[in-house]
Structure formats: C-alpha cells, structure tokens
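Notes follow the structure.
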Protein chains: 2
Amino acid sequence: MDARHAILFEPIAIGSKMLPNRFYQVPHASGFGSVKPRAQAAFRAVKAEGGWGGVCVEYAPFSPDSDDSPAIAGDIWDDRDARALGLTAEAIHAHGSLAGMELYHGGASCPNGTSRAVRLAPSQITSGVQWSGLAKEMDASDIARIQRNWVMAARRAVDVGFDIVYVYGAHGYLMTQFLSAHANRRTDGYGGSLANRGRFWLETLAAVRDAVGRDCAIATRIAIHGDSGVPGAEGLPGIYADDMLTLVKMADDLVDLWDVTVGSWPEDSGTSRYFPEGHERPWAHRIREATAKPVVAVGRYSSPDLMAEVIRSGAVDLIGSARQAIADPFLPRKIAEGRLDEIRECTGSNVCILREETFNNIGCVQNASAGEEFRRGWHPELFPAAADPGRSVLIVGAGPAGMECAVVLGRRGFNAVHLVEAEPEIGGRLRWTRRLPTLGDWGRIIDWRAVQLARLPGVEVITGHRLTAAEVLGYGADLVVIATGSAWRGDGVQPGYPDPMPGADPGWPHVLTPEQACAGKRPPGPRVVVYDTDGYYVAPGVAEMLAADGFEVTVVTTFDVLSPVSDETLEGDMLRAHLHGAGVSVRHATTITGVGAGSVTGHGRHGEPWSAACDGVVLVTQQVSRDTLYRELAGDEAALAAAGIGGLYRIGDAVAPRMISEAIFDGHRLAREIDEEDPSQPALYQRERADLG
Amino acid sequence: MDARHAILFEPIAIGSKMLPNRFYQVPHASGFGSVKPRAQAAFRAVKAEGGWGGVCVEYAPFSPDSDDSPAIAGDIWDDRDARALGLTAEAIHAHGSLAGMELYHGGASCPNGTSRAVRLAPSQITSGVQWSGLAKEMDASDIARIQRNWVMAARRAVDVGFDIVYVYGAHGYLMTQFLSAHANRRTDGYGGSLANRGRFWLETLAAVRDAVGRDCAIATRIAIHGDSGVPGAEGLPGIYADDMLTLVKMADDLVDLWDVTVGSWPEDSGTSRYFPEGHERPWAHRIREATAKPVVAVGRYSSPDLMAEVIRSGAVDLIGSARQAIADPFLPRKIAEGRLDEIRECTGSNVCILREETFNNIGCVQNASAGEEFRRGWHPELFPAAADPGRSVLIVGAGPAGMECAVVLGRRGFNAVHLVEAEPEIGGRLRWTRRLPTLGDWGRIIDWRAVQLARLPGVEVITGHRLTAAEVLGYGADLVVIATGSAWRGDGVQPGYPDPMPGADPGWPHVLTPEQACAGKRPPGPRVVVYDTDGYYVAPGVAEMLAADGFEVTVVTTFDVLSPVSDETLEGDMLRAHLHGAGVSVRHATTITGVGAGSVTGHGRHGEPWSAACDGVVLVTQQVSRDTLYRELAGDEAALAAAGIGGLYRIGDAVAPRMISEAIFDGHRLAREIDEEDPSQPALYQRERADLG
C-alpha cells in the first residue's frame, strides 16, 4: 500500500461500533429489497469482501403507508421481513464489516400504489405521482404511530444483526417534508419555527435511541445546500444550510454518524456530465462547523489520492460511496494492495439508477457482475477457470462487448485470445461518444479495459485490421466471436416507419449520420436540424457539439420531451437546461418524413403538415447491426467445419443495438458461459420465488 | 331466470372440453402472475364461483426473452412456476369452470429489463421502450427454440390442470410481429407472402397440438380490423381483415377456440369515453365468415339482453369479458337468478388498466374487493356480519366513499345506518363529473349504489341536509363517519407553489373553479384558458364542455403532454386527438403564476416569461379536503364522549383527495374493518414472500 493512502485504513468508532476502515457504502437501491433476500445478501457481501468497512442495504420502509412500489425497497414491516434482511447482515459480518439499514418513510413521495394506503405528509401537499392523489395532513396519531413504527423497525433491525440504523432525513422524504417551511404548513407544535419543524425528526431520533441504546449506532442522513435550499417534497425548496447546521447542533447528542448529502437526488447522484468528482465538498463539508461526530459524505470518488486528502482534511471521516462501490466492489482492497491500475472507475453515467428507475435489478456499465452475484453466481473478481485453456478464441471487433469478452476470457485463463479491431484504436462507438461534449468520463470504459487487456498474457489485441470472412476462416481459431457493433442508419428508417425516408442519404453534403458529424462532417450552411427518435444521449451530444461550432441547431424530436431516457438517469432537467443554455432549440412531438436540400418536412402530433428550412440534418433515428461478417460465416456451416471452428458466436450490438451496459453484459456473459453446452443462449438464472405454502 | 337469457347458459364443447355456459373471462393482467400465486388463485376463483364458465390467467411468458417486467405476468418458465399457477387451475375447477392459460411471447415488445435477454423479433425493429434497444432478427434457431419452449410450456400447463392453452397472436406481440408485413421484413420462409408470414404461427399451433393432443383445448387470440389494420409492433400496421380471415381458414383445423380482439389494445380495451358497449361487433363478428369453430369476443358487455342477442345472432359463441368480470365477478349468477338490478356494471374508465400499467395489483372503481380476495380476504358478495348490528352509524356525505361505506355496512347487517348528504342528490363529485362530455358511464358508480342503498333495510339516505357539528353530536349515532369529500382550490395553489396565486379568486367573473364551470358559470368573453396541473380528466372535460359552448379554449399545462394520466388508461392518444378535433388548443410545459382581468402570466420550461391574453381562466390545479366538520368534531373529545360517539372516522377525499377508485376503496375498507380495534388504520394484509430456504 502507498503510505499516502494509509489514512483510509484507520479504524473509527461509530457510536458503540468499530468501523474497520474509512470506506462506507452508503444506502442505495438495488432492486432486491427484502423480496429477493438472497440476491440482496450476495450483492452486499461482495462489497464487504472487497473491503468496504460499512455496507448498508437500501431504504427500508416499515409500514404500508410508505409503499414505494413498483420500486423495490427493503421493506421491514414485520419480523419475517427482518429475517429476510438479516441474511444480508450475516453475509456482511462474515467479512468483518458493519451492516447498516436506512429506515425510511417517504411521506408524500410514496405512491402507495400496492398498499393503497393514504399518503401522509405534514400538510396536504401533492407529489409528482399524478394518479396517486394528495397527501393526508398527518394528525397527532399519525405522528405517534410513525414514530412507534420507526422504533419497532429499528429494534427488529438490531435483532437480526444490523449495526447501524438510520433515521433518514434527506432527499425530500418525510423528514425533509417536515423540515421544509414550504412543504410544512402546520400550525401545531410540528410546524412554524425551525425548532417546531425539526421536532418530528428530533423526537424520532430520541425514541430510536431509547429503544436501541448502545446495541447499535444511529446514523441520520441529511441534505445541505447553501444556494437553493434542499428540495423538499414536490420540488419545493427545503431547508438552507445555516438552518440545517442549527438542526445538526440540536440533534448532535442523539447521532453517532452524520451521512451528508447535497441538494436533490439529481445533484447528490450527479452524473459525470455535469458534476466533477468530489463536487459535493463545498457544501457537505460545512457540517464540520456543527459537529465533531463522525461524518460520511459521497462525491463519486474514485481517486485514492483525493479520498485520502478528503479524510486528511478532517472535513469528513468516511468516504461514502454508492456508484463507485457498484462499479468496483474491490476498490478498498485494490488500494490496500497497491493495485491502483485495477480500479474500475465509475463512469458517472447513472445506468445503475436507470435500471432502478425502470424497476429492474441493479446493473452497471463498468461491472457486468453487479446484481448478478446470486442469480447467476457471478463474482466481480473471481472467474471460473477455462475448461480447456488451450482453445483459441478470435474476437472480431473491440467495442464494448468485444473488449469485455476478451478481458473475461483472459481472466478465465484462456491463453490464446485474439481481439482484432478494424479501426486504429479499440473502443468501438465509445471512441466518438467520449468526445461528445460532457461525455468524457464514459471513456473510462475503454481505459480500464485497455489496461487490463495489456496485462493479460493470454490476450493479444490487434488493431487496424478489418478481417474478411475468408481471413476469419483461415485464422486458425477454435472459437469465433463476432462483435462488430452497429451503425446509425443514414436512410431515415425510424420507429413506425420501416421504409427509408425520401431524401435521406448521407452521401449528400446536407445529410449526416451521428458518426459523420463526430468525424467532422459539417452541413453546408448554418441552420441544422438534429432529428431524434432515439431519446438518449446521441442527439443532445451532437446538437451541443454543432452549437459549439456556431451552427443554429434545432433538435426535432418525436418525443414530448427532449431525451426522455435522461430522466431515468436523473439528468433530464439538467440536460434540457444545459442545451437551452447552449442555444439549442427544441421542437417536440414532430415526425420528419422527408429531407430536401433546404428543408425537412413531416407532421405534428395530430398529423398536421410541418416543415422547416434548414441547411442540413443529422439523423439520429435508429441503429442497425453490422452483421454482414457474421451472416457470411454463419451461412456456410461446411466452411466453418472445414476451418475447425467449433463455435461461432455473436455479441453486443452486432446482435441487436442496445445500451452500452447491456452490450458489455452480453460480452461478459458469453465469456463466462462459453464452456456451456449452448453458449449462444444465456443459462437460466436462479429466481427467488414465493413460498407455495 | 328470464327465458330470454337462457341461451347464455347452454354448455358448449371447446375441443375436448365442455364449457358449462357462455361466460368466458378472457386472459387479462392482474398484477399477480406466478409471483403471487395465492392471490392469483383467489382472484380467479371468485369469477368461477360467480358463474364464469371459463376463466383464464393472464399472459404467460415461458422464457427469459419474453420478460415484460416490471409488469407482472404469469411466467411459466419451469415446473416450479407451473406448480404456482396450478393453484389457480385447481381453484377454478373447484367451481366447475374451465381454466385457461394464454401462453405468450412478446417479441420486440418485451423490455427484458430484469432478464437482460436480447429482444427478439422477425426483423430488427424498435419498440416504445427507449432504453431497451432494438430487437435481434430471429434466426432459424431462435424460431425453433421459441416453438420448442411454447410446446414445453403448454405441456406444463396441461400437467398442472389447465384445460385451455393459448397460442397468443394478438395485440402486437411476437405472432403479430411475424404476421405484419411492416414489422416482418424477412426474406426467408417466414417473411414475404401471407403464407410465409403466417408460417411461424401455424407451425407453433401444430407443434402444440402434437404435444397436447386432446388433453386440452387450444385457443388462439387474434386481432381483426378492417379500417386501419391491426397495429403490430411499434404501432406499425399489422394485418388487415381479409388477410386475417385467410389465415383463420388456414389454421382452423388446429384451433378449438378463436378469441377475437379488434385493433390495438387501446381500441380493444376501449373506454366508455370513446367506445360504446359492443363496439367490436362490426369487425369481430366477421370471423364467422371463416370458421364454424367456437368464437369468443369481448365488447365491455354488461347488458344481459345484448349478450343474449349476440349469442343468438350466431356471430360468436361466448361472451368474452375482462373488465366487466372484474367489476362484477357474479354477473353470470345474477343473470341466472334474475337479480339483474344487482349487476355492478363496468364504468369503462380503465382504472383496472391504470393499476396494471403503474405496476400495482389490479383494482376496480366499481368493485373494491377486486384484487383484495387473498391478501385482505375480501369477497365481492359476502360480508362478515356486524359484531353488533345495533350500533348506529351516521355517515356524513354521500359521495363515492360515503355511498360505498353505507352499502357495505348495510350488507354487513348494520341496521341503523344513516347516510346524510348536504346536496339534493347523492353522488358527490360524480354528480358533475358524469355530466362532463364523454364521462356519462362513470355515473354507473352512483346508479348501482343508489339501487343497492334503496334495497338495504338497515340504510336510510337523507339528502339536502348539511349537518353541523352540533347536529352530528346530537344525532344519537354510536359511530360517525365523515365523508365530506374535497373541492377544487380556487386560489391557484399548485404543485411546487404552496402559496396562493396572485389574482386567483373565483369570486371574480373571470376566474372559475371546475365546479363553477360545471354549474354553468361562464367567463365574460370568448377566450378561455383552462390551466391544468392535475393531469387527468377534469381539465380536458371542462375544456371540451367550454369549446362545445363556443369558447376559444386553450389548455395550458405544466406537463409535457396533455393529461398524462390518460396514457395509463390507454386513452391518451384518443383524448388528445378528440380535443384537437373539438378545437381545443394546448400549450405544454408552462406554469401560470398570475391571473389578471385580461390575461394570465407565468413562465415556460426554462423560466422564460410567458403570458397570454384571455377573458377567463379555469383553475384545475389542486384539490383540498373538505374537513372542517371533521376537525370541529375531532377537536372536542369531551363533546364526542358526552354525545356517546364511540368512534369518529374519516374516509375518502375528506382525508386526502384521490382517484375515485381509491376513495371508494377507503369507504369499503372502513366498513369492512369497523369492528377492528383501530378501524382508522387499515389492517395489515397478507403478502406472498420469498422462501428463505
């Protein structure tokens, strides 16, 4: 270990518990909750194994009136739920780490769709869930009941082994709704003055302390922001930094660990597009003005030097992490062992959050094993040895899927893996994606794999050679994996329109594909339409790039909002404001059906004709697999047999264009399962199912 | 039984199985799938008990590449899943009905978010799920594998007792994707000509027949539409009526039951707003041109006379039902027993679908017990006897919650229930809602309850009397239930803006609440802004009403699309087209922050100032509970005690404004649980949880 990093490995007392080091996985969603208890246990256990001294499960509601379904939470309504979550505490303890549980009530933020309970809040406020109605203004019995439930849940958590329990007060949930003068319009002892608005929180802390004594540590998660206030429910401003620090002082005796976040969730989990590593420091670190108790703060830290500097500064005591701990559960051990170049850095793309927001198991673009620990039995650092290491593998295409496949085959001990790329550099579509404005950190996907590929003795990377089918057949490989990726269509084929669009031909100067735009092609005049039926990052990225080059850019999109997928990564509002600030105009709910030399034509929401003058159009409509090579090879089984190729497989976008995380997953999966009877099909995974009684 | 209806009770052979009558609950989602097997069994069993001769579970995927999560489907991937679903077959058989299972592959429509499998389709098409990528063009091995899986699943279904298995071919899923010349761009034997496009379906039918022989009947669900073609994947036109009839003739030997739907899902499950009862007849009944086999078709039938007429016509053989069977599982028995005025007619509001589309358990505005059979032990027709029938109950307010509460208390045998309503008629907000354009059938909520209330000897309805707190205290009731509902705010308070809006005062001629508009108040000039931050039916309804009166109406909304909630009820596109046709303009993503005598002012998405001249504004921003009476009573415990009131409760919008279905649920729940120790809190319900091993 580098001596500079030793401070990260100093133990620290959190109340009555001893945290073995300064690495703390803060509570974050996983999609497992208490309904998939073995998946939860396996997912958290690898983090403890990887050296995180504290590992928390996700937000844990303790009553039907805090029902966040269909999002999956760590419900702990009763002892049976507690036993399910106890499997995780046990798994964390097995590696010597502390287990934390974030007890939570969402208040007005909970749709209560499954439970059908009335929503609760300090006042009768709305939330973003339209169909779910307004909240009930909590009466005295509601307040008392929730506090009683909080206490019982804390007791249950301790009884099944959790070392740290939370009184969750950040992110616009019930506690914050009480703290916010905008959301809390009460005229009783729980509203009005700061002390009154803080009463519910302070009373709850005291009641939990009474119940658990020193059997466990008590953490509380709060949010601080000096500029705009921390949003409470429904985007209302919550509480400002000075007020928050006053509250911290009031509660300090009751708290063993302050878990500090900044602002709203989109800021707290800010993506690399808009927030640098450690972006929360200016605000999070102000808490030291009000407490000498241990403090944890996040900031998408992946640099050991910066982490050590943060701890050394004394501002906070623990490095909090959610996304980096997903991307690399073994980060602490890698630092401890000086294996810094093996750290898989988080890209800050929030694909993990997209997967949770779309109600799926957690996933990660950098770590394909994330969320797959139990159901597929995947470990982030351990790989089953190749059944026959001598089987040679040719991978054609070094994009995300191909790079990942080669890394995993190499780690499995295959000793003759050739990764052959047509372009001069590896990376596939990421080569140009990482050069789009704000997307630079996505390049970490290439960078980490480039380093690993160079270290794996069994893997050889060959660039600048586009293999023909004949060359593949003559290569001498036992197994062939085609990973030739996809391209953006230039012909204007788009969802709902399977035929080419008249005038869409990127052979013309005024028609561009995204790849052409990134390679430097520019329209012949200043007015450019970027046409988006894709809905994610490519159209905004190209639009911003062209605007920066001085073009007048309008994004025309079939969607009702620009880049709807970015809402799932928490970036939507920021992205739209960012592009607005960059001078990009947007026209919604519009379909383009024809491209002319000086205009585009189409129709609006109700079929009404629409057209606009422009000097050029970038078509971000749909991708298409580059599968010619695969089809040539697969179409001639005799030739494959004659060449001694025992298996021909296809991965990533060459099969079907998809998110980068899923292309990487696909390459990873094939490499893990290539010794199976039919590796082309994923092996069935384990599911946790209802007891049939 | 009325002799006219006897034809509905004639048995009919479905292949080797005998259906006891002509009532057939077609496959529809429930939110239970195979993950909540006991809830599924209880939900379907009640329908068999109520007289539905055939009862199906929902769509049943049989492999990870047809993963529709987070929507919950009847997954039957393996024998363990089959055993879970077998509980339902057993429960249906206990009542002498046949059990059906709709085996299904979604093709490109499945996001495969949890399974992370690649999406499959005849060609590389997109779907509406942006983050989920494009589909893989299925190769020969994919086709063979899916057919093999279909056969294995059919065998599993039969082995656990199902009588009817489906080869699902409607609603834009995989079969339809193959049938559609727009989605299917293949050049092999599975694409091109009609016979080629039908090959996958016909081969699958034949393979399933080979596997199951006469052990079960085989149904297939197809869609017919003459005008626009049946949409295939991604809204592409699918297959036209004449072609479909050709295919029916080709497949007829292999099929025991034709389950015919019409067009896309929003049309097939058309709401009462835009489709009358039996709206599918012109197209669905054309199938008789091509087959003499039994045919089932839906059409939101609730009229016994119309049902009998449909059967008598010979066009179809079974009355298919999803929504009406949810609203009244006992419809067949009520017809059989001549209890026609007890039939609880479906409102056609698609709240059932909203609950499924938002990934919750099924629910129903008319039938509060729907979906609650297992977890709360509720039966639609059986009610636990009152612990003390003599306890008198005063219910104040005869809106949805109050009416429902009174009906259930009456059915439980409470013999002194007084339902006192301030207005001259019962119905609450539904009195004016049902008069909004297109919402007439929502009045069935009042109508059914009015009939039942009149029949219940223990319930007395008193209208036109607004009770004061003193009158309530002096009423002599043992229990008091406050159901005084909610009102639309006139002060412009809206999500994110907890303070009143300058100029928002419905005392002025140019400022209107929705209630005022419905009561006939009209702005002083022709240009009206309807301001909507609610997102459901009120703003469009008021806008259409005013447009019909000759006003120039613009809906200004904070949402990116008009009435986003209507997308969850499948009405969104139709509603927007309908309002467009009615001459209503829409301005999106705009917040109004001030009302003047001749204008409204506010800002757009990026905070840019915005204003518009108008002669009047209708504020559809937010509701507020009418809870003054409750607060007066609850605030004086001594007076309650002195009055001998042993329990004071509050239900419905008086607690928190919400959807009508949830207000009714709340009234129902209180009435069911009013003998519990603390009836103000819902009793904990049973959950089906993962086996902890």
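Chain lettering (A, B, ...) mirrors the order of the structure tokens, residue numbering begins at 1 for each chain separately, and ligand numbering begins at 1 in order of display.
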Distance query segment 465-469 of chain B at most 10 Å, only C-alpha atoms, self and fewer than 2 positions along chain excluded, as a ChimeraX atom specification: /B:396-397,420-424,462-463,471-475,628-634
Please, which residues of chain B lie no more than 7 Å from chain A when the count uses only C-alpha atoms, and can they be set out as a ChimeraX atom specification? /B:35-36,70,84,113-114,126,130-136,182,234-236,359-361,495-496,498,534-535,560-561,565,577,606,655-659,688-692
Could you please write out, as an NGL selection string, every residue of segment 532-648 of chain A that DSSP assigns to strand (DSSP E or B)? :A and (532 or 552-557 or 585-587 or 591-595 or 599-603 or 609-613 or 616-620 or 623-625 or 647-648)
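Here atom CA of Ile445 of chain B stands at a distance of 10.8 Å from atom CA of Gly428 of chain B.
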Residue neighbourhood Arg489 of chain B, 10 Å, only C-alpha atoms, exclusion window fewer than 6 positions, as a list in words: Pro500, Ala504, Asp505, Pro506, Leu512, Thr513, Pro514, Glu515, Leu619, Val620, Thr621, Gln622, Gln623, Val624 and Ser625 of chain B
Set the distance at 10 Å and use only C-alpha atoms: which residues neighbour Leu409 of chain A once local chain neighbours fewer than 6 positions away are removed? I'd like the list as JSON, numbers by chain. {"A": [383, 384, 385, 386, 389, 393, 415, 416, 417, 456, 458, 459, 667, 668, 670, 671, 672, 673, 674]}
Determine, counting only C-alpha atoms, which protein, DNA and RNA residues have an atom within 6 Å of an atom of segment 251-262 of chain A; residues of the same chain fewer than 3 positions away are not included. Present the result as a PyMOL selection string. chain A and resi 14-15+217-225+248+268+284+294-297
Save out the residues we just selected, all heavy atoms, as a tab-separated table (two decimals), in the first residue's frame.
```tsv
chain	number	residue	atom	x	y	z
A	14	ILE	N	-17.96	4.26	15.48
A	14	ILE	CA	-19.26	4.87	15.14
A	14	ILE	C	-20.18	4.49	16.29
A	14	ILE	O	-20.69	3.37	16.36
A	14	ILE	CB	-19.81	4.30	13.82
A	14	ILE	CG1	-18.78	4.37	12.69
A	14	ILE	CG2	-21.11	4.99	13.43
A	14	ILE	CD1	-18.43	5.78	12.25
A	15	GLY	N	-20.36	5.40	17.23
A	15	GLY	CA	-21.09	5.04	18.43
A	15	GLY	C	-20.42	3.86	19.11
A	15	GLY	O	-19.19	3.85	19.32
A	217	ALA	N	-25.41	1.62	16.42
A	217	ALA	CA	-25.17	3.03	16.18
A	217	ALA	C	-26.36	3.62	15.43
A	217	ALA	O	-27.06	2.91	14.71
A	217	ALA	CB	-23.89	3.21	15.37
A	218	ILE	N	-26.55	4.92	15.63
A	218	ILE	CA	-27.64	5.61	14.93
A	218	ILE	C	-27.02	6.60	13.95
A	218	ILE	O	-26.24	7.47	14.34
A	218	ILE	CB	-28.57	6.32	15.91
A	218	ILE	CG1	-29.28	5.29	16.80
A	218	ILE	CG2	-29.60	7.16	15.15
A	218	ILE	CD1	-30.19	5.89	17.84
A	219	ALA	N	-27.41	6.44	12.70
A	219	ALA	CA	-27.00	7.39	11.67
A	219	ALA	C	-28.21	8.20	11.25
A	219	ALA	O	-29.35	7.76	11.38
A	219	ALA	CB	-26.42	6.66	10.46
A	220	THR	N	-27.95	9.37	10.76
A	220	THR	CA	-29.03	10.11	10.13
A	220	THR	C	-28.49	10.71	8.85
A	220	THR	O	-27.32	11.06	8.76
A	220	THR	CB	-29.63	11.17	11.09
A	220	THR	OG1	-30.90	11.59	10.61
A	220	THR	CG2	-28.73	12.36	11.25
A	221	ARG	N	-29.36	10.71	7.84
A	221	ARG	CA	-28.93	11.22	6.55
A	221	ARG	C	-29.65	12.55	6.35
A	221	ARG	O	-30.87	12.61	6.44
A	221	ARG	CB	-29.34	10.24	5.45
A	221	ARG	CG	-28.49	10.29	4.20
A	221	ARG	CD	-28.94	9.22	3.22
A	221	ARG	NE	-27.90	8.83	2.27
A	221	ARG	CZ	-28.07	7.93	1.31
A	221	ARG	NH1	-29.20	7.28	1.18
A	221	ARG	NH2	-27.07	7.63	0.47
A	222	ILE	N	-28.87	13.57	6.11
A	222	ILE	CA	-29.44	14.89	5.90
A	222	ILE	C	-28.88	15.47	4.62
A	222	ILE	O	-27.91	14.95	4.06
A	222	ILE	CB	-29.13	15.85	7.06
A	222	ILE	CG1	-27.60	15.94	7.25
A	222	ILE	CG2	-29.81	15.39	8.34
A	222	ILE	CD1	-27.18	17.10	8.09
A	223	ALA	N	-29.50	16.53	4.17
A	223	ALA	CA	-29.04	17.19	2.95
A	223	ALA	C	-28.74	18.64	3.27
A	223	ALA	O	-29.46	19.29	4.02
A	223	ALA	CB	-30.10	17.08	1.87
A	224	ILE	N	-27.67	19.12	2.68
A	224	ILE	CA	-27.26	20.50	2.89
A	224	ILE	C	-27.07	21.15	1.53
A	224	ILE	O	-26.51	20.55	0.61
A	224	ILE	CB	-25.93	20.57	3.68
A	224	ILE	CG1	-26.15	20.15	5.13
A	224	ILE	CG2	-25.33	21.97	3.60
A	224	ILE	CD1	-24.97	20.38	6.03
A	225	HIS	N	-27.53	22.35	1.42
A	225	HIS	CA	-27.20	23.11	0.22
A	225	HIS	C	-27.40	24.58	0.52
A	225	HIS	O	-28.42	24.97	1.04
A	225	HIS	CB	-28.05	22.70	-0.97
A	225	HIS	CG	-27.42	23.09	-2.26
A	225	HIS	ND1	-27.15	24.40	-2.59
A	225	HIS	CD2	-26.98	22.35	-3.30
A	225	HIS	CE1	-26.58	24.44	-3.78
A	225	HIS	NE2	-26.45	23.21	-4.23
A	248	VAL	N	-28.42	20.39	13.12
A	248	VAL	CA	-27.38	19.40	13.43
A	248	VAL	C	-26.94	19.57	14.88
A	248	VAL	O	-26.79	18.59	15.62
A	248	VAL	CB	-26.19	19.54	12.45
A	248	VAL	CG1	-24.98	18.75	12.94
A	248	VAL	CG2	-26.60	19.08	11.05
A	268	ASP	N	-27.22	15.14	-5.88
A	268	ASP	CA	-26.49	14.26	-4.97
A	268	ASP	C	-25.87	13.09	-5.75
A	268	ASP	O	-24.73	12.70	-5.50
A	268	ASP	CB	-27.46	13.76	-3.90
A	268	ASP	CG	-26.82	12.88	-2.88
A	268	ASP	OD1	-25.66	13.14	-2.51
A	268	ASP	OD2	-27.47	11.91	-2.43
A	284	ALA	N	-21.11	19.80	1.61
A	284	ALA	CA	-21.12	18.69	2.56
A	284	ALA	C	-20.15	18.95	3.71
A	284	ALA	O	-20.42	18.61	4.86
A	284	ALA	CB	-20.78	17.38	1.85
A	294	PRO	N	-18.55	11.54	13.84
A	294	PRO	CA	-18.17	11.06	12.51
A	294	PRO	C	-19.15	11.50	11.42
A	294	PRO	O	-20.36	11.53	11.65
A	294	PRO	CB	-18.19	9.53	12.67
A	294	PRO	CG	-17.96	9.30	14.12
A	294	PRO	CD	-18.64	10.45	14.82
A	295	VAL	N	-18.57	11.83	10.30
A	295	VAL	CA	-19.35	12.31	9.16
A	295	VAL	C	-18.95	11.50	7.92
A	295	VAL	O	-17.77	11.24	7.69
A	295	VAL	CB	-19.06	13.81	8.89
A	295	VAL	CG1	-19.73	14.26	7.58
A	295	VAL	CG2	-19.52	14.67	10.06
A	296	VAL	N	-19.97	11.12	7.14
A	296	VAL	CA	-19.70	10.48	5.86
A	296	VAL	C	-20.34	11.33	4.78
A	296	VAL	O	-21.44	11.86	4.96
A	296	VAL	CB	-20.21	9.02	5.82
A	296	VAL	CG1	-21.70	8.92	6.10
A	296	VAL	CG2	-19.87	8.37	4.48
A	297	ALA	N	-19.62	11.48	3.66
A	297	ALA	CA	-20.18	12.19	2.52
A	297	ALA	C	-19.73	11.50	1.24
A	297	ALA	O	-18.65	10.91	1.18
A	297	ALA	CB	-19.73	13.65	2.50
```
So which residues touch Phe374 of chain A within 8 Å, counting only C-alpha atoms, skipping near sequence neighbours fewer than 4 positions away, as a CSV table (one decimal) with all heavy atoms, in the first residue's frame?
```
chain,number,residue,atom,x,y,z
A,38,ARG,N,-31.8,-13.3,-0.9
A,38,ARG,CA,-30.5,-13.9,-1.2
A,38,ARG,C,-29.7,-13.1,-2.2
A,38,ARG,O,-28.5,-13.0,-2.1
A,38,ARG,CB,-30.7,-15.4,-1.6
A,38,ARG,CG,-31.1,-16.3,-0.4
A,38,ARG,CD,-31.5,-17.7,-0.8
A,38,ARG,NE,-32.8,-17.7,-1.4
A,38,ARG,CZ,-33.4,-18.7,-1.9
A,38,ARG,NH1,-32.9,-19.9,-1.8
A,38,ARG,NH2,-34.6,-18.6,-2.5
A,39,ALA,N,-30.4,-12.5,-3.1
A,39,ALA,CA,-29.7,-11.6,-4.1
A,39,ALA,C,-29.2,-10.4,-3.3
A,39,ALA,O,-28.1,-10.0,-3.6
A,39,ALA,CB,-30.7,-11.2,-5.2
A,42,ALA,N,-26.1,-11.5,-1.4
A,42,ALA,CA,-24.9,-11.7,-2.2
A,42,ALA,C,-24.3,-10.4,-2.8
A,42,ALA,O,-23.1,-10.2,-2.9
A,42,ALA,CB,-25.3,-12.7,-3.4
A,43,PHE,N,-25.2,-9.5,-3.1
A,43,PHE,CA,-24.8,-8.2,-3.7
A,43,PHE,C,-24.0,-7.4,-2.7
A,43,PHE,O,-23.0,-6.8,-3.0
A,43,PHE,CB,-26.1,-7.4,-4.1
A,43,PHE,CG,-25.8,-6.1,-4.6
A,43,PHE,CD1,-25.1,-5.8,-5.8
A,43,PHE,CD2,-26.3,-5.0,-3.9
A,43,PHE,CE1,-24.9,-4.5,-6.3
A,43,PHE,CE2,-26.1,-3.7,-4.4
A,43,PHE,CZ,-25.4,-3.4,-5.5
A,378,TRP,N,-22.2,-14.8,-10.2
A,378,TRP,CA,-21.0,-14.1,-10.7
A,378,TRP,C,-20.3,-13.3,-9.6
A,378,TRP,O,-21.0,-12.6,-8.8
A,378,TRP,CB,-21.4,-13.1,-11.9
A,378,TRP,CG,-21.8,-13.8,-13.1
A,378,TRP,CD1,-21.9,-15.1,-13.4
A,378,TRP,CD2,-22.3,-13.1,-14.3
A,378,TRP,NE1,-22.4,-15.3,-14.7
A,378,TRP,CE2,-22.6,-14.1,-15.3
A,378,TRP,CE3,-22.4,-11.8,-14.7
A,378,TRP,CZ2,-23.1,-13.8,-16.5
A,378,TRP,CZ3,-22.9,-11.5,-16.0
A,378,TRP,CH2,-23.2,-12.5,-16.9
A,686,GLN,N,-31.1,-18.3,-11.3
A,686,GLN,CA,-32.0,-18.6,-10.2
A,686,GLN,C,-32.9,-17.4,-9.8
A,686,GLN,O,-32.5,-16.3,-9.9
A,686,GLN,CB,-31.1,-18.7,-8.9
A,686,GLN,CG,-30.3,-20.0,-8.9
A,686,GLN,CD,-29.8,-20.2,-7.5
A,686,GLN,OE1,-30.5,-20.7,-6.6
A,686,GLN,NE2,-28.5,-19.9,-7.3
```
Tell me, as a PyMOL selection string, which residues lie within 8 Å of segment 541-545 of chain A, counting only C-alpha atoms; anything in the same chain fewer than 3 positions away does not count. chain A and resi 436-438+514+517-518+530+537-538+548-549+553-555+579+582+584
Quick one, how far is atom CA of Glu49 of chain B from atom CA of Ala91 of chain B?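 Value for the atom CA of Glu49 of chain B-atom CA of Ala91 of chain B distance: 9.4 Å.
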